[in-house]
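Dumped data_15.csv below, it's CSV, C-alpha atoms:
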```
chain,number,residue,atom,x,y,z
A,667,THR,CA,153.3,95.7,123.2
A,668,LYS,CA,156.4,96.6,125.0
A,669,LYS,CA,156.7,93.1,126.5
A,670,LEU,CA,156.5,91.7,122.9
A,671,PHE,CA,159.2,93.9,121.6
A,672,LEU,CA,161.4,92.9,124.5
A,673,PHE,CA,160.7,89.3,123.5
A,674,ASP,CA,159.0,88.7,126.9
A,675,CYS,CA,156.4,86.8,124.9
A,676,GLN,CA,154.9,84.8,127.7
A,677,ASN,CA,154.2,87.9,129.8
A,678,ALA,CA,152.8,89.7,126.7
A,679,ILE,CA,150.5,86.7,126.1
A,680,ASP,CA,149.3,86.8,129.7
A,681,LEU,CA,148.6,90.5,129.5
A,682,LEU,CA,146.8,90.3,126.2
A,683,LEU,CA,144.6,87.3,127.4
A,684,ASN,CA,143.6,89.3,130.4
A,685,LEU,CA,142.3,92.4,128.5
A,686,PRO,CA,138.6,93.3,128.8
A,687,GLN,CA,136.5,91.5,126.2
A,688,ASN,CA,135.6,94.7,124.4
A,689,HIS,CA,139.4,95.3,123.7
A,690,PHE,CA,140.3,91.7,123.3
A,691,LYS,CA,138.0,90.9,120.4
A,692,SER,CA,139.9,92.9,117.8
A,693,PRO,CA,142.1,92.0,114.9
A,694,TYR,CA,144.9,94.0,116.4
A,695,ILE,CA,145.0,91.9,119.6
A,696,TYR,CA,144.5,88.6,117.8
A,697,SER,CA,147.4,89.5,115.5
A,698,LEU,CA,149.6,90.4,118.5
A,699,LEU,CA,148.7,87.1,120.1
A,700,GLY,CA,149.5,85.3,116.9
A,701,ARG,CA,152.9,87.0,116.8
A,702,CYS,CA,153.6,86.2,120.4
A,703,TYR,CA,152.8,82.5,119.9
A,704,PHE,CA,154.9,82.5,116.7
A,705,GLU,CA,157.9,83.9,118.6
A,706,CYS,CA,157.4,81.1,121.2
A,707,GLY,CA,157.3,78.5,118.5
A,708,GLU,CA,153.7,77.6,119.3
A,709,TYR,CA,152.5,77.5,115.7
A,710,LYS,CA,149.1,75.9,116.2
A,711,LYS,CA,148.2,78.7,118.6
A,712,CYS,CA,149.6,81.3,116.3
A,713,GLU,CA,147.5,79.9,113.5
A,714,LYS,CA,144.4,80.0,115.7
A,715,TYR,CA,144.8,83.7,116.6
A,716,ASP,CA,145.8,84.8,113.1
A,717,ASN,CA,142.7,83.1,111.7
A,718,LEU,CA,140.6,84.9,114.3
A,719,SER,CA,142.2,88.2,113.2
A,720,ILE,CA,141.4,87.5,109.5
A,721,SER,CA,137.8,86.4,110.3
A,722,THR,CA,137.3,89.5,112.4
A,723,ASP,CA,138.5,91.9,109.7
A,724,PRO,CA,139.6,90.4,106.4
A,725,SER,CA,141.1,93.8,105.4
A,726,TYR,CA,143.5,93.8,108.4
A,727,LEU,CA,146.9,92.8,107.0
A,728,THR,CA,149.2,93.6,109.9
A,729,GLY,CA,151.1,90.5,111.0
A,730,LEU,CA,150.4,88.4,107.9
A,731,GLU,CA,154.2,87.8,107.4
A,732,TYR,CA,154.2,85.9,110.7
A,733,PHE,CA,151.1,84.0,109.8
A,734,SER,CA,152.5,82.9,106.4
A,735,SER,CA,155.7,81.8,108.1
A,736,CYS,CA,153.7,79.9,110.7
A,737,LEU,CA,151.8,78.1,107.9
A,738,TRP,CA,155.2,77.3,106.3
A,739,HIS,CA,156.4,75.8,109.6
A,740,LEU,CA,153.2,73.8,109.9
A,741,LYS,CA,153.7,72.6,106.3
A,742,ASP,CA,150.1,73.8,105.5
A,743,GLN,CA,150.5,74.5,101.8
A,744,ILE,CA,146.8,74.8,101.1
A,745,GLN,CA,146.1,77.4,103.7
A,746,CYS,CA,149.3,79.3,102.7
A,747,CYS,CA,148.1,79.4,99.1
A,748,ASN,CA,144.7,80.5,100.2
A,749,LEU,CA,146.2,83.3,102.3
A,750,ALA,CA,148.3,84.5,99.3
A,751,ASN,CA,145.3,84.5,97.1
A,752,ASN,CA,143.2,86.4,99.6
A,753,CYS,CA,145.9,89.0,99.9
A,754,ILE,CA,146.1,89.5,96.2
A,755,SER,CA,142.3,89.8,95.7
```

Can you give me the file's structure in the form of structure tokens?
Amino acid sequence: TKKLFLFDCQNAIDLLLNLPQNHFKSPYIYSLLGRCYFECGEYKKCEKYDNLSISTDPSYLTGLEYFSSCLWHLKDQIQCCNLANNCIS
């Protein structure tokens, strides 16, 4: 996560994508990838990994502020509303 916080997002993405599968397939890693792609302006990839994070563990809420901003940039009002409703319930 140090690379991410130094805004060396591409290196952070490379490191995260090369993690062993038992570590990679977690909502934490998916959320970090979503944030990295968000910071790079790659909103479709951000959406992909944030959706994976939510589908892996719907109660994992870390990083949803980036996901909602990503959906705003993509002008996806329906998914943004669904995300808000899921957070409330």

Give as a PDB file with C-alpha atoms, keeping the file's coordinate frame each residue that has an atom at most 12 Å from (160.3, 77.8, 116.1) in the file, counting all atoms listed in the file.
```
ATOM      1  CA  ARG A 701     152.900  87.000 116.800  1.00  0.00           C
ATOM      2  CA  CYS A 702     153.600  86.200 120.400  1.00  0.00           C
ATOM      3  CA  TYR A 703     152.800  82.500 119.900  1.00  0.00           C
ATOM      4  CA  PHE A 704     154.900  82.500 116.700  1.00  0.00           C
ATOM      5  CA  GLU A 705     157.900  83.900 118.600  1.00  0.00           C
ATOM      6  CA  CYS A 706     157.400  81.100 121.200  1.00  0.00           C
ATOM      7  CA  GLY A 707     157.300  78.500 118.500  1.00  0.00           C
ATOM      8  CA  GLU A 708     153.700  77.600 119.300  1.00  0.00           C
ATOM      9  CA  TYR A 709     152.500  77.500 115.700  1.00  0.00           C
ATOM     10  CA  LYS A 710     149.100  75.900 116.200  1.00  0.00           C
ATOM     11  CA  CYS A 712     149.600  81.300 116.300  1.00  0.00           C
ATOM     12  CA  TYR A 732     154.200  85.900 110.700  1.00  0.00           C
ATOM     13  CA  SER A 735     155.700  81.800 108.100  1.00  0.00           C
ATOM     14  CA  CYS A 736     153.700  79.900 110.700  1.00  0.00           C
ATOM     15  CA  LEU A 737     151.800  78.100 107.900  1.00  0.00           C
ATOM     16  CA  TRP A 738     155.200  77.300 106.300  1.00  0.00           C
ATOM     17  CA  HIS A 739     156.400  75.800 109.600  1.00  0.00           C
ATOM     18  CA  LEU A 740     153.200  73.800 109.900  1.00  0.00           C
TER      19      LEU A 740
END
```

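Look at Cys747 in chain A: the protein and nucleic acid residues within 12 Å of it, using all atoms listed in the file and passing over chain neighbours fewer than 5 places away, are Ser734, Leu737, Trp738, Lys741, Asp742, Asn752, Cys753 and Ile754 of chain A.
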
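Of the residues under consideration (A:Leu727, A:Leu681, A:Leu698, A:Leu749), A:Leu698 shows the shortest atom-to-atom contact distance to Lys711 in chain A when counting all atoms listed in the file.
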
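Interatomic distance, CA of His689 in chain A to CA of Gln676 in chain A: 19.1 Å.
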
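Note that the spacing between CA of Lys691 in chain A and CA of Ser755 in chain A amounts to 25.1 Å.
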
Could you state the separation of CA of Asp674 in chain A and CA of Ser725 in chain A in Å, given to one decimal place? 28.4 Å

Neighbourhood query: residues within 9 Å of (143.4, 89.8, 110.3), file coordinates, counting only C-alpha atoms; return as a count of residues only. 21

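Comparing A:Leu683, A:Cys675, A:Ile744, A:Ala750 by their smallest distance to Ile695 in chain A, the closest is A:Leu683 (using all atoms listed in the file).
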
Rank nothing, just name the residue among A:Phe690, A:Leu682, A:Asn677, A:Cys746 nearest to Phe733 in chain A, using all atoms listed in the file. A:Cys746
